[in-house]
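What follows is one structure encoded as structure tokens, with my remarks underneath.
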Amino acid sequence: MSKSNPLDLSQQYQTLRSKLGPHFAPEGLYVQNKKLPFVGSVSCNVNRLETGSWNEIVIDYEVGAAGLADGGWFKATFKFYSDWALFQTSDPTAANYISAEYQSGKLVPGQSPATVQSLSVRFDQKGHERPFQKAIIVDVVDGYLNAGDHIILRIGDRRGGGPGTRVQTFTEDRFRFRCYVDPLGTSRFAAVPGDIVIDMAPGAAARLLIAGPRFVRSGQAAPFRFSLQDRWGNACHAQAGSLLLRAYSGDAVVYEKTHALPDTGWASIGIDDLPSDRGDLRLVAELPEHLYMRPAIAHLSIDDRFPAPRSFYADLHVHASDTVGTNSPAYNAAYARDIGGIDVLGYTANDFQITDENWQLGVDTVEEFNKPGHFVCYPVQEWCGSSTAGGDHNVVFLGDAAPDFPYNARGEHNRTFLWNEDMKGSAVETGRWPVEELWAAYIDDPEQHLIMPHVGGRRYIPDWHHPELERLVEIASSWGHFGWLYQDVITRGYRIGVAASGDEHRGRPGGGPPGTQVFGVHGGLTGVIAESLDRRSIGRALRARHTWATTGEHTALLVNAGQHIQGDEFTHSGPLKLNYNFLGSAGWDEIAAYDHTGLIWKRNLHEELGYSDRLIRLRWGGARVPDRYRWASWRGRITILNGTINRFQSHGFEHGEENCWREGTTDIVFRSDTYGDADSIDIDITNLQNCTIRIEGTIDSYIKVGDPLQPNPFKHVPTFQWEISGASLLQEGALRQELGGTELFLALERLTEQALPVTVQGELEVELKKTSFGHHPVYFTGRQQDDSKVWSSAMFVTPID
């Protein structure tokens, strides 16, 4: 309701009084209340915060002219993808405590005070409608509030001695608290006008990121991006200074230059003048003005025999703020190109939430950023079917023609259903449901479409598959690692290749860093073997399955059998000789090959280089369940008895809230979350032969409802205990304990003291077998010491007698 001029209100009230005749009413209250917005207003004590910092945020809700009835509610909501620390209400002295208090407004003569006895506050992660699902809810207890009264909500209340609240870890131009009120106590909510808007800004520079190709043919340009990031992986701004870049071929320096960093915008520069005719390069970048920051290292393999001019990296699953992402489509495209250093982007919209207008703005952005030879963009529909209907599938529109979305030429909508926050009414209008109807929408022109099923939230169920449309399956994203899914589809006989994507919701596409909750690992990337960087060539390569998948690193995996490469279908007589080339960044731990029966071959690089008599590793990982809230929260202790812990080092920890530390003489304590990935601790032990190693701890799950300070044990394996002798580990080389769930495990492994190779090449001979589905599939996978992974698309070989 719009505010009226006070003079007009006074005149209006005088006219009303004359019409009513003698009556009783608090003096001046009519005019006072009429000045207020009907459902109230909100204000906040901050408008800018540093990502991941600790703060106290105060939201002040002034009750509107409607008042707030006994049993009424007030909500402060924010989007579900935010990894803001979970709020609690049980311990005022601890972190992330929230409180709500009542403050009366000024009473006018003759007005009775409100009767509210107290306010009850709680936090519910599913307390409102998507995308503003996370909700701080304030209930009015035993009484009502007057118009003009106040509810003071303190997020990270420090008055009891707590440190405040840890805000979300990723940048956002306009983070929003959207507030709602139920003024009549009917559980029907109205939005309070004027969102609370806070800019989430990056912190100080903490590390240097290098992003570029992993291989090139001799003489080809190799474009690299160098970017400064804060400790949470956000791109820094306005960091004037210099970057010193050296390139080594063997021990010889073949390139050395100092480049100026920009003093405005992102602290990122592109460099494309590296020599690509002098053999493999090792790049070392450092910042002379930031001596505390470790140099960044990258590797570039150079060979005329590579199957493409250079490695191309794609992130085909990126959300923007028009559905459930962060920042605009243009921001995300620029970030992927200029920070992520990737080559191909898929701007993705949840089809049931995107409005026609916002979709068109997104498609216009795609066309603006698509520059053949430099950067390729595709529009992508995310078909959001529930698992019972097939599960989530992305439709990548590969051609230059306008997509048949949201509507086809007959005016029929190709969404799963119409259901977004801008809809009128409450009915759900179904469209393409179940997945067979999605296939029917695009089967008439399969070459211009790529449908990729994925895990995400509404998990893909491989009971469904269309071989002409579904050419790739997404097996890694910021939701987790899903190698089990690729083995599943291969075992079923599907001719399908691999992809990995960000499924980015936080505005950091291109292998972006993880958050601390739902999206807890690096976003994945799809490596593409294509002859040129344009929609036609990239699209043809994607549909041909000429791909590899990484967990976000610019690594590569190339496989060939003569003239055939990964993803190909062909016939062959006799044993099949496969050549593999693993091109990594952190040193390869293990490489392996699989077919439809499972593991068929493996190389342990630690064993090949020679085990140390002192170095071991505890590795733990997997997920509780394959569905949305899948991750396992590990809290554990390693005890070394009759042995001396000399040093230890962690690998795979994604952020600062995952860590390990020493307690006393014998113990190392750790805490981390795994989403299908694995974390580890390397330990150097004296007297390993005679020591005892004890592993114990708990596995908790995500606290979706309830007090985040209380454990939420994984029901099947809430605790783990494992004790072995150092002598057994020395004899066996590796020991493993399976813990159920979705590949939950503990592993104790011997390590080498030698440097692990970043490049591993070789040949594997496979005896082809006849199968019920005709072809014999073979694919490779590898794991680096930091748990980053890579998979190749399978070869689908039909044996000839």
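Chains: A, B, ... in order of the structure tokens. Residues: from 1 per chain. Ligands: from 1, in order shown.
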
Query raised in the report: Can you list, as a PyMOL selection string, every residue of stretch 511-634 of chain A that DSSP puts in helix (DSSP H, G or I)?
Result: chain A and resi 535-543+605-609

Print the selection's residues with all heavy atoms to a file, as a tab-separated table (two decimals), in the first residue's frame.
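Result written to out_39.tsv:
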chain	number	residue	atom	x	y	z
A	535	ARG	N	30.88	-24.10	-32.38
A	535	ARG	CA	29.73	-24.91	-31.98
A	535	ARG	C	29.64	-26.22	-32.77
A	535	ARG	O	29.37	-27.28	-32.20
A	535	ARG	CB	28.44	-24.11	-32.16
A	535	ARG	CG	28.16	-23.13	-31.06
A	535	ARG	CD	26.88	-22.37	-31.37
A	535	ARG	NE	26.50	-21.48	-30.26
A	535	ARG	CZ	25.59	-20.52	-30.38
A	535	ARG	NH1	24.97	-20.34	-31.55
A	535	ARG	NH2	25.30	-19.76	-29.34
A	536	ARG	N	29.86	-26.15	-34.06
A	536	ARG	CA	29.69	-27.33	-34.89
A	536	ARG	C	30.71	-28.41	-34.53
A	536	ARG	O	30.37	-29.57	-34.32
A	536	ARG	CB	29.81	-26.95	-36.36
A	536	ARG	CG	29.63	-28.12	-37.32
A	536	ARG	CD	29.73	-27.64	-38.77
A	536	ARG	NE	29.66	-28.75	-39.71
A	536	ARG	CZ	28.55	-29.32	-40.12
A	536	ARG	NH1	27.38	-28.90	-39.66
A	536	ARG	NH2	28.57	-30.32	-40.98
A	537	SER	N	31.97	-28.02	-34.43
A	537	SER	CA	33.03	-28.99	-34.15
A	537	SER	C	32.91	-29.54	-32.74
A	537	SER	O	33.01	-30.76	-32.52
A	537	SER	CB	34.40	-28.35	-34.37
A	537	SER	OG	35.42	-29.28	-34.13
A	538	ILE	N	32.68	-28.67	-31.75
A	538	ILE	CA	32.54	-29.13	-30.37
A	538	ILE	C	31.30	-30.01	-30.23
A	538	ILE	O	31.34	-31.07	-29.60
A	538	ILE	CB	32.46	-27.94	-29.40
A	538	ILE	CG1	33.78	-27.15	-29.39
A	538	ILE	CG2	32.10	-28.42	-28.00
A	538	ILE	CD1	34.96	-27.89	-28.82
A	539	GLY	N	30.19	-29.60	-30.84
A	539	GLY	CA	28.97	-30.39	-30.76
A	539	GLY	C	29.13	-31.77	-31.37
A	539	GLY	O	28.65	-32.77	-30.83
A	540	ARG	N	29.82	-31.84	-32.50
A	540	ARG	CA	30.06	-33.13	-33.14
A	540	ARG	C	30.91	-34.02	-32.25
A	540	ARG	O	30.65	-35.23	-32.12
A	540	ARG	CB	30.76	-32.91	-34.49
A	540	ARG	CG	30.88	-34.19	-35.33
A	540	ARG	CD	31.69	-33.96	-36.59
A	540	ARG	NE	31.14	-32.87	-37.40
A	540	ARG	CZ	31.81	-31.76	-37.70
A	540	ARG	NH1	33.03	-31.58	-37.24
A	540	ARG	NH2	31.24	-30.85	-38.45
A	541	ALA	N	31.93	-33.45	-31.60
A	541	ALA	CA	32.80	-34.24	-30.72
A	541	ALA	C	32.03	-34.72	-29.49
A	541	ALA	O	32.22	-35.86	-29.03
A	541	ALA	CB	34.00	-33.40	-30.30
A	542	LEU	N	31.16	-33.88	-28.93
A	542	LEU	CA	30.38	-34.29	-27.77
A	542	LEU	C	29.47	-35.47	-28.11
A	542	LEU	O	29.38	-36.45	-27.37
A	542	LEU	CB	29.56	-33.12	-27.24
A	542	LEU	CG	30.34	-31.96	-26.61
A	542	LEU	CD1	29.42	-30.77	-26.36
A	542	LEU	CD2	31.03	-32.38	-25.31
A	543	ARG	N	28.80	-35.36	-29.25
A	543	ARG	CA	27.90	-36.46	-29.63
A	543	ARG	C	28.67	-37.71	-30.02
A	543	ARG	O	28.14	-38.83	-29.90
A	543	ARG	CB	26.98	-36.00	-30.76
A	543	ARG	CG	25.85	-35.10	-30.29
A	543	ARG	CD	24.80	-34.87	-31.39
A	543	ARG	NE	24.36	-36.10	-32.00
A	543	ARG	CZ	23.43	-36.92	-31.52
A	543	ARG	NH1	22.82	-36.62	-30.37
A	543	ARG	NH2	23.07	-38.01	-32.17
A	605	LEU	N	51.13	-46.66	-8.62
A	605	LEU	CA	52.39	-45.95	-8.89
A	605	LEU	C	53.29	-45.92	-7.66
A	605	LEU	O	54.52	-45.89	-7.79
A	605	LEU	CB	52.11	-44.54	-9.39
A	605	LEU	CG	51.76	-44.40	-10.90
A	605	LEU	CD1	52.88	-44.98	-11.76
A	605	LEU	CD2	50.43	-45.03	-11.25
A	606	HIS	N	52.73	-45.94	-6.47
A	606	HIS	CA	53.54	-46.01	-5.26
A	606	HIS	C	54.32	-47.32	-5.22
A	606	HIS	O	55.53	-47.33	-4.93
A	606	HIS	CB	52.66	-45.89	-4.01
A	606	HIS	CG	52.04	-44.55	-3.82
A	606	HIS	ND1	52.69	-43.51	-3.21
A	606	HIS	CD2	50.82	-44.09	-4.18
A	606	HIS	CE1	51.89	-42.45	-3.19
A	606	HIS	NE2	50.76	-42.78	-3.77
A	607	GLU	N	53.64	-48.40	-5.49
A	607	GLU	CA	54.30	-49.70	-5.48
A	607	GLU	C	55.38	-49.78	-6.56
A	607	GLU	O	56.47	-50.30	-6.32
A	607	GLU	CB	53.26	-50.80	-5.69
A	607	GLU	CG	53.82	-52.21	-5.61
A	607	GLU	CD	52.75	-53.26	-5.76
A	607	GLU	OE1	51.70	-52.97	-6.39
A	607	GLU	OE2	52.94	-54.38	-5.26
A	608	GLU	N	55.08	-49.25	-7.76
A	608	GLU	CA	56.05	-49.29	-8.85
A	608	GLU	C	57.31	-48.50	-8.53
A	608	GLU	O	58.42	-48.90	-8.91
A	608	GLU	CB	55.42	-48.77	-10.14
A	608	GLU	CG	54.34	-49.68	-10.71
A	608	GLU	CD	53.78	-49.15	-12.01
A	608	GLU	OE1	54.39	-48.23	-12.61
A	608	GLU	OE2	52.72	-49.64	-12.45
A	609	LEU	N	57.16	-47.39	-7.83
A	609	LEU	CA	58.31	-46.55	-7.49
A	609	LEU	C	59.05	-47.04	-6.25
A	609	LEU	O	60.16	-46.57	-5.96
A	609	LEU	CB	57.86	-45.10	-7.28
A	609	LEU	CG	57.38	-44.38	-8.55
A	609	LEU	CD1	56.69	-43.08	-8.19
A	609	LEU	CD2	58.56	-44.12	-9.48

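Using only C-alpha atoms, the residues found no farther than 8 Å from A:Thr115, other than those of its own chain fewer than 5 positions away, are Asp142, Gly143, Tyr144 and Leu145 of chain A.
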
Just the residues within 12 Å of A:Arg750, please, counting only C-alpha atoms, with nothing from its chain fewer than 6 positions along; format it as a compact mmCIF listing (two decimals) with all heavy atoms, in the first residue's frame.
# COMPACT_ATOMS: atom_id res chain seq x y z
N ASP A 589 48.48 -41.35 -8.42
CA ASP A 589 48.47 -42.41 -7.41
C ASP A 589 48.26 -43.78 -8.05
O ASP A 589 48.97 -44.73 -7.77
CB ASP A 589 47.28 -42.19 -6.47
CG ASP A 589 47.70 -41.78 -5.09
OD1 ASP A 589 48.89 -41.79 -4.78
OD2 ASP A 589 46.79 -41.44 -4.30
N ASN A 604 49.54 -49.40 -9.51
CA ASN A 604 49.76 -48.63 -8.29
C ASN A 604 51.12 -47.97 -8.44
O ASN A 604 52.16 -48.63 -8.37
CB ASN A 604 49.72 -49.56 -7.08
CG ASN A 604 49.90 -48.82 -5.77
OD1 ASN A 604 50.58 -47.80 -5.69
ND2 ASN A 604 49.31 -49.36 -4.71
N LEU A 605 51.13 -46.66 -8.62
CA LEU A 605 52.39 -45.95 -8.89
C LEU A 605 53.29 -45.92 -7.66
O LEU A 605 54.52 -45.89 -7.79
CB LEU A 605 52.11 -44.54 -9.39
CG LEU A 605 51.76 -44.40 -10.90
CD1 LEU A 605 52.88 -44.98 -11.76
CD2 LEU A 605 50.43 -45.03 -11.25
N HIS A 606 52.73 -45.94 -6.47
CA HIS A 606 53.54 -46.01 -5.26
C HIS A 606 54.32 -47.32 -5.22
O HIS A 606 55.53 -47.33 -4.93
CB HIS A 606 52.66 -45.89 -4.01
CG HIS A 606 52.04 -44.55 -3.82
ND1 HIS A 606 52.69 -43.51 -3.21
CD2 HIS A 606 50.82 -44.09 -4.18
CE1 HIS A 606 51.89 -42.45 -3.19
NE2 HIS A 606 50.76 -42.78 -3.77
N GLU A 607 53.64 -48.40 -5.49
CA GLU A 607 54.30 -49.70 -5.48
C GLU A 607 55.38 -49.78 -6.56
O GLU A 607 56.47 -50.30 -6.32
CB GLU A 607 53.26 -50.80 -5.69
CG GLU A 607 53.82 -52.21 -5.61
CD GLU A 607 52.75 -53.26 -5.76
OE1 GLU A 607 51.70 -52.97 -6.39
OE2 GLU A 607 52.94 -54.38 -5.26
N GLU A 608 55.08 -49.25 -7.76
CA GLU A 608 56.05 -49.29 -8.85
C GLU A 608 57.31 -48.50 -8.53
O GLU A 608 58.42 -48.90 -8.91
CB GLU A 608 55.42 -48.77 -10.14
CG GLU A 608 54.34 -49.68 -10.71
CD GLU A 608 53.78 -49.15 -12.01
OE1 GLU A 608 54.39 -48.23 -12.61
OE2 GLU A 608 52.72 -49.64 -12.45
N LEU A 609 57.16 -47.39 -7.83
CA LEU A 609 58.31 -46.55 -7.49
C LEU A 609 59.05 -47.04 -6.25
O LEU A 609 60.16 -46.57 -5.96
CB LEU A 609 57.86 -45.10 -7.28
CG LEU A 609 57.38 -44.38 -8.55
CD1 LEU A 609 56.69 -43.08 -8.19
CD2 LEU A 609 58.56 -44.12 -9.48
N GLY A 610 58.45 -47.95 -5.52
CA GLY A 610 59.10 -48.50 -4.34
C GLY A 610 58.52 -47.91 -3.07
O GLY A 610 58.60 -46.70 -2.83
N TYR A 611 57.94 -48.79 -2.23
CA TYR A 611 57.34 -48.33 -0.98
C TYR A 611 58.41 -47.83 0.00
O TYR A 611 59.52 -48.36 0.08
CB TYR A 611 56.59 -49.46 -0.31
CG TYR A 611 55.27 -49.84 -0.94
CD1 TYR A 611 54.93 -51.18 -1.15
CD2 TYR A 611 54.35 -48.88 -1.29
CE1 TYR A 611 53.71 -51.54 -1.69
CE2 TYR A 611 53.12 -49.22 -1.86
CZ TYR A 611 52.82 -50.56 -2.05
OH TYR A 611 51.61 -50.91 -2.60
N SER A 612 58.04 -46.84 0.77
CA SER A 612 58.83 -46.40 1.90
C SER A 612 58.56 -47.30 3.09
O SER A 612 57.47 -47.87 3.23
CB SER A 612 58.46 -44.96 2.26
OG SER A 612 58.98 -44.59 3.51
N ASP A 613 59.52 -47.45 3.98
CA ASP A 613 59.32 -48.18 5.22
C ASP A 613 58.75 -47.29 6.32
O ASP A 613 58.54 -47.74 7.44
CB ASP A 613 60.65 -48.79 5.70
CG ASP A 613 61.12 -49.91 4.80
OD1 ASP A 613 60.27 -50.53 4.14
OD2 ASP A 613 62.35 -50.13 4.74
N ARG A 614 58.48 -46.02 5.98
CA ARG A 614 58.03 -45.07 7.00
C ARG A 614 56.70 -44.40 6.65
O ARG A 614 55.96 -44.01 7.56
CB ARG A 614 59.07 -43.95 7.17
CG ARG A 614 60.45 -44.42 7.56
CD ARG A 614 61.48 -43.31 7.27
NE ARG A 614 61.17 -42.09 7.98
CZ ARG A 614 61.72 -41.75 9.14
NH1 ARG A 614 62.61 -42.56 9.71
NH2 ARG A 614 61.42 -40.63 9.74
N LEU A 615 56.40 -44.24 5.36
CA LEU A 615 55.26 -43.44 4.95
C LEU A 615 54.02 -44.30 4.74
O LEU A 615 54.05 -45.29 4.00
CB LEU A 615 55.56 -42.69 3.65
CG LEU A 615 56.53 -41.51 3.74
CD1 LEU A 615 56.72 -40.89 2.37
CD2 LEU A 615 56.03 -40.47 4.73
N ILE A 616 52.93 -43.90 5.38
CA ILE A 616 51.64 -44.54 5.16
C ILE A 616 50.59 -43.45 4.96
O ILE A 616 50.84 -42.26 5.16
CB ILE A 616 51.24 -45.45 6.33
CG1 ILE A 616 50.93 -44.61 7.58
CG2 ILE A 616 52.30 -46.50 6.60
CD1 ILE A 616 50.25 -45.40 8.69
N ARG A 617 49.40 -43.89 4.58
CA ARG A 617 48.30 -42.94 4.37
C ARG A 617 47.00 -43.57 4.86
O ARG A 617 46.71 -44.73 4.58
CB ARG A 617 48.18 -42.60 2.89
CG ARG A 617 46.95 -41.76 2.53
CD ARG A 617 46.97 -41.34 1.08
NE ARG A 617 46.93 -42.49 0.17
CZ ARG A 617 47.15 -42.40 -1.13
NH1 ARG A 617 47.49 -41.25 -1.68
NH2 ARG A 617 47.07 -43.47 -1.90
N LEU A 618 46.21 -42.76 5.57
CA LEU A 618 44.82 -43.11 5.84
C LEU A 618 43.96 -42.34 4.84
O LEU A 618 44.08 -41.12 4.73
CB LEU A 618 44.40 -42.74 7.26
CG LEU A 618 42.90 -42.94 7.53
CD1 LEU A 618 42.52 -44.41 7.51
CD2 LEU A 618 42.48 -42.29 8.85
N ARG A 619 43.13 -43.08 4.13
CA ARG A 619 42.21 -42.46 3.17
C ARG A 619 40.79 -42.87 3.55
O ARG A 619 40.54 -44.01 3.93
CB ARG A 619 42.55 -42.96 1.76
CG ARG A 619 42.31 -41.97 0.66
CD ARG A 619 43.12 -42.29 -0.61
NE ARG A 619 43.03 -43.67 -1.00
CZ ARG A 619 42.07 -44.19 -1.78
NH1 ARG A 619 41.10 -43.42 -2.24
NH2 ARG A 619 42.09 -45.47 -2.11
N ILE A 681 45.26 -38.46 4.90
CA ILE A 681 46.37 -37.92 5.70
C ILE A 681 47.57 -38.84 5.50
O ILE A 681 47.49 -40.04 5.75
CB ILE A 681 46.02 -37.84 7.19
CG1 ILE A 681 44.79 -36.95 7.42
CG2 ILE A 681 47.20 -37.32 8.00
CD1 ILE A 681 44.29 -36.95 8.86
N ASP A 682 48.67 -38.26 5.02
CA ASP A 682 49.95 -38.98 4.93
C ASP A 682 50.67 -38.85 6.27
O ASP A 682 50.71 -37.76 6.86
CB ASP A 682 50.84 -38.39 3.85
CG ASP A 682 50.22 -38.44 2.46
OD1 ASP A 682 49.18 -39.10 2.30
OD2 ASP A 682 50.79 -37.83 1.53
N ILE A 683 51.26 -39.96 6.74
CA ILE A 683 51.94 -39.95 8.05
C ILE A 683 53.30 -40.61 7.91
O ILE A 683 53.42 -41.71 7.35
CB ILE A 683 51.11 -40.70 9.12
CG1 ILE A 683 49.65 -40.24 9.11
CG2 ILE A 683 51.72 -40.50 10.50
CD1 ILE A 683 48.75 -41.06 10.02
N ASP A 684 54.32 -39.95 8.42
CA ASP A 684 55.68 -40.50 8.50
C ASP A 684 55.86 -41.06 9.91
O ASP A 684 55.76 -40.33 10.90
CB ASP A 684 56.68 -39.37 8.20
CG ASP A 684 58.12 -39.85 8.22
OD1 ASP A 684 58.45 -40.76 9.00
OD2 ASP A 684 58.93 -39.28 7.47
N ILE A 685 56.13 -42.37 10.01
CA ILE A 685 56.17 -43.06 11.31
C ILE A 685 57.51 -43.78 11.48
O ILE A 685 57.92 -44.54 10.60
CB ILE A 685 55.03 -44.09 11.43
CG1 ILE A 685 53.67 -43.42 11.26
CG2 ILE A 685 55.10 -44.81 12.78
CD1 ILE A 685 52.51 -44.39 11.22
N LEU A 688 57.50 -48.33 12.27
CA LEU A 688 56.24 -48.78 11.67
C LEU A 688 56.08 -50.30 11.84
O LEU A 688 54.97 -50.80 12.07
CB LEU A 688 56.20 -48.39 10.19
CG LEU A 688 54.97 -48.80 9.39
CD1 LEU A 688 53.69 -48.24 10.01
CD2 LEU A 688 55.10 -48.34 7.93
N GLY A 726 51.32 -52.40 12.21
CA GLY A 726 52.19 -51.87 11.16
C GLY A 726 52.80 -52.99 10.34
O GLY A 726 53.00 -52.84 9.12
N ALA A 727 53.08 -54.12 10.98
CA ALA A 727 53.67 -55.26 10.26
C ALA A 727 52.71 -55.76 9.18
O ALA A 727 53.14 -56.10 8.06
CB ALA A 727 54.01 -56.37 11.24
N SER A 728 51.41 -55.82 9.47
CA SER A 728 50.43 -56.27 8.48
C SER A 728 50.38 -55.32 7.29
O SER A 728 50.31 -55.76 6.14
CB SER A 728 49.05 -56.37 9.12
OG SER A 728 49.03 -57.32 10.15
N LEU A 729 50.42 -54.02 7.57
CA LEU A 729 50.39 -53.05 6.48
C LEU A 729 51.65 -53.15 5.63
O LEU A 729 51.59 -53.08 4.39
CB LEU A 729 50.23 -51.64 7.05
CG LEU A 729 50.12 -50.51 6.02
CD1 LEU A 729 48.99 -50.76 5.03
CD2 LEU A 729 49.92 -49.16 6.72
N LEU A 730 52.81 -53.33 6.27
CA LEU A 730 54.05 -53.48 5.51
C LEU A 730 54.00 -54.72 4.62
O LEU A 730 54.49 -54.71 3.48
CB LEU A 730 55.24 -53.59 6.47
CG LEU A 730 55.66 -52.28 7.15
CD1 LEU A 730 56.67 -52.56 8.24
CD2 LEU A 730 56.22 -51.29 6.13
N GLN A 731 53.36 -55.75 5.08
CA GLN A 731 53.29 -56.99 4.30
C GLN A 731 52.28 -56.87 3.16
O GLN A 731 52.55 -57.30 2.04
CB GLN A 731 52.90 -58.15 5.22
CG GLN A 731 52.79 -59.49 4.49
CD GLN A 731 52.46 -60.63 5.43
OE1 GLN A 731 52.53 -60.48 6.65
NE2 GLN A 731 52.11 -61.78 4.87
N GLU A 732 51.10 -56.30 3.43
CA GLU A 732 50.02 -56.27 2.44
C GLU A 732 50.13 -55.10 1.46
O GLU A 732 49.64 -55.17 0.35
CB GLU A 732 48.67 -56.21 3.15
CG GLU A 732 48.36 -57.41 4.02
CD GLU A 732 48.23 -58.69 3.21
OE1 GLU A 732 47.81 -58.61 2.03
OE2 GLU A 732 48.56 -59.76 3.75
N GLY A 733 50.72 -54.01 1.88
CA GLY A 733 50.80 -52.83 1.02
C GLY A 733 49.59 -51.93 1.14
O GLY A 733 49.71 -50.70 1.10
N ALA A 734 48.42 -52.51 1.25
CA ALA A 734 47.19 -51.73 1.39
C ALA A 734 46.13 -52.59 2.06
O ALA A 734 46.02 -53.79 1.79
CB ALA A 734 46.69 -51.24 0.04
N LEU A 735 45.35 -51.99 2.95
CA LEU A 735 44.24 -52.65 3.63
C LEU A 735 43.02 -51.73 3.54
O LEU A 735 43.15 -50.50 3.53
CB LEU A 735 44.59 -52.92 5.09
CG LEU A 735 45.77 -53.87 5.34
CD1 LEU A 735 46.21 -53.78 6.80
CD2 LEU A 735 45.40 -55.30 4.97
N ARG A 736 41.84 -52.33 3.47
CA ARG A 736 40.63 -51.53 3.24
C ARG A 736 39.50 -52.10 4.08
O ARG A 736 39.35 -53.32 4.21
CB ARG A 736 40.27 -51.55 1.75
CG ARG A 736 39.11 -50.65 1.35
CD ARG A 736 38.92 -50.72 -0.15
NE ARG A 736 37.73 -50.01 -0.60
CZ ARG A 736 37.73 -48.82 -1.18
NH1 ARG A 736 38.88 -48.20 -1.40
NH2 ARG A 736 36.60 -48.25 -1.57

Requested in this report: Within stretch 543-608 of chain A, find each residue whose DSSP state, derived from the backbone, is strand (DSSP E or B), and express the selection as JSON, numbers by chain.
Outcome: {"A": [547, 548, 549, 550, 556, 557, 558, 559, 560, 561, 564, 565, 569, 570, 571, 572, 573, 576, 577, 578, 579, 580, 581, 582, 583, 588, 589, 590, 591, 592, 593, 594, 595, 598, 599, 600, 601, 602, 603, 604]}

Report task. Can you work out the spacing between atom CA of A:Ile645 and atom CA of A:Val717 in Å, to one decimal? Result -> 28.7 Å

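For the choices A:Leu228, A:Trp588, A:Ala135, A:Pro92, the atom-to-atom distance to A:Arg294 is smallest for A:Leu228 when using only C-alpha atoms.
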
Query raised in the report: What's the 10 Å shell around stretch 499-501 of chain A, counting only C-alpha atoms, without same-chain residues fewer than 6 positions away, as a ChimeraX atom specification?
Result: /A:314-318,345-346,452-454,471-479,481-482,486,509-512,522-528,542,545,547-552,790-793

Per residue of stretch 667-786 of chain A within 12 Å of stretch 655-658 of chain A, note the shortest atom pair and the distance in Å to one decimal, counting only C-alpha atoms, and order the rows by chain and increasing residue number, as a Markdown table.
| residue | atom | partner | partner_atom | distance |
| --- | --- | --- | --- | --- |
| A:Val669 | CA | A:Glu658 | CA | 11.2 |
| A:Phe670 | CA | A:Glu658 | CA | 7.8 |
| A:Arg671 | CA | A:Glu658 | CA | 5.7 |
| A:Ser672 | CA | A:Glu658 | CA | 4.6 |
| A:Asp673 | CA | A:Glu658 | CA | 7.3 |
| A:Thr674 | CA | A:Glu658 | CA | 10.2 |
| A:Asp679 | CA | A:Glu658 | CA | 9.6 |
| A:Ser680 | CA | A:Glu658 | CA | 11.2 |

Report task. Determine, counting only C-alpha atoms, which protein, DNA and RNA residues have an atom within 8 Å of an atom of A:Leu287; residues of the same chain fewer than 5 positions away are not included. Present the result as a PyMOL selection string. Result -> chain A and resi 241-244+293+295

Write a file of the just-selected residues containing N, CA, C and O atoms, as a tab-separated table (two decimals), in the first residue's frame.
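Printed below is selection_15.tsv as written:
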chain	number	residue	atom	x	y	z
A	241	GLY	N	49.75	-4.98	-9.33
A	241	GLY	CA	51.02	-5.61	-9.02
A	241	GLY	C	51.54	-6.31	-10.25
A	241	GLY	O	51.14	-6.00	-11.38
A	242	SER	N	52.39	-7.28	-10.05
A	242	SER	CA	53.00	-7.95	-11.20
A	242	SER	C	53.00	-9.45	-11.00
A	242	SER	O	52.97	-9.96	-9.88
A	243	LEU	N	53.04	-10.15	-12.11
A	243	LEU	CA	53.11	-11.61	-12.16
A	243	LEU	C	54.39	-11.99	-12.89
A	243	LEU	O	54.62	-11.55	-14.02
A	244	LEU	N	55.21	-12.78	-12.25
A	244	LEU	CA	56.43	-13.28	-12.88
A	244	LEU	C	56.16	-14.72	-13.33
A	244	LEU	O	55.85	-15.59	-12.52
A	293	MET	N	52.79	-15.96	-0.64
A	293	MET	CA	51.98	-16.84	-1.47
A	293	MET	C	52.87	-17.81	-2.24
A	293	MET	O	53.84	-17.40	-2.89
A	295	PRO	N	54.27	-20.21	-5.12
A	295	PRO	CA	54.17	-20.19	-6.59
A	295	PRO	C	53.14	-21.22	-7.06
A	295	PRO	O	52.92	-22.25	-6.42

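Considering only C-alpha atoms, the residue among A:Arg337, A:Arg225, A:Arg154, A:Arg246 positioned nearest to A:Phe375 is A:Arg337.
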
Wanna dump the stretch 483-522 of chain A-stretch 778-783 of chain A contacts at 10 Å for me, each residue with its shortest atom pair and the distance in Å to one decimal, counting only C-alpha atoms, ordered by chain and number, as a Markdown table?
| residue | atom | partner | partner_atom | distance |
| --- | --- | --- | --- | --- |
| A:Gly483 | CA | A:Thr781 | CA | 9.0 |
| A:Tyr486 | CA | A:Tyr779 | CA | 9.8 |
| A:Gln487 | CA | A:Tyr779 | CA | 9.5 |
| A:Ile490 | CA | A:Val778 | CA | 8.8 |
| A:Gly497 | CA | A:Tyr779 | CA | 9.4 |
| A:Val498 | CA | A:Tyr779 | CA | 9.8 |

Query raised in the report: Which residues, written as number ranges by chain, have at least one atom at most 7 Å from A:Phe80, with only C-alpha atoms counted and residues fewer than 4 positions away on the same chain left out?
Result: A: 131-134
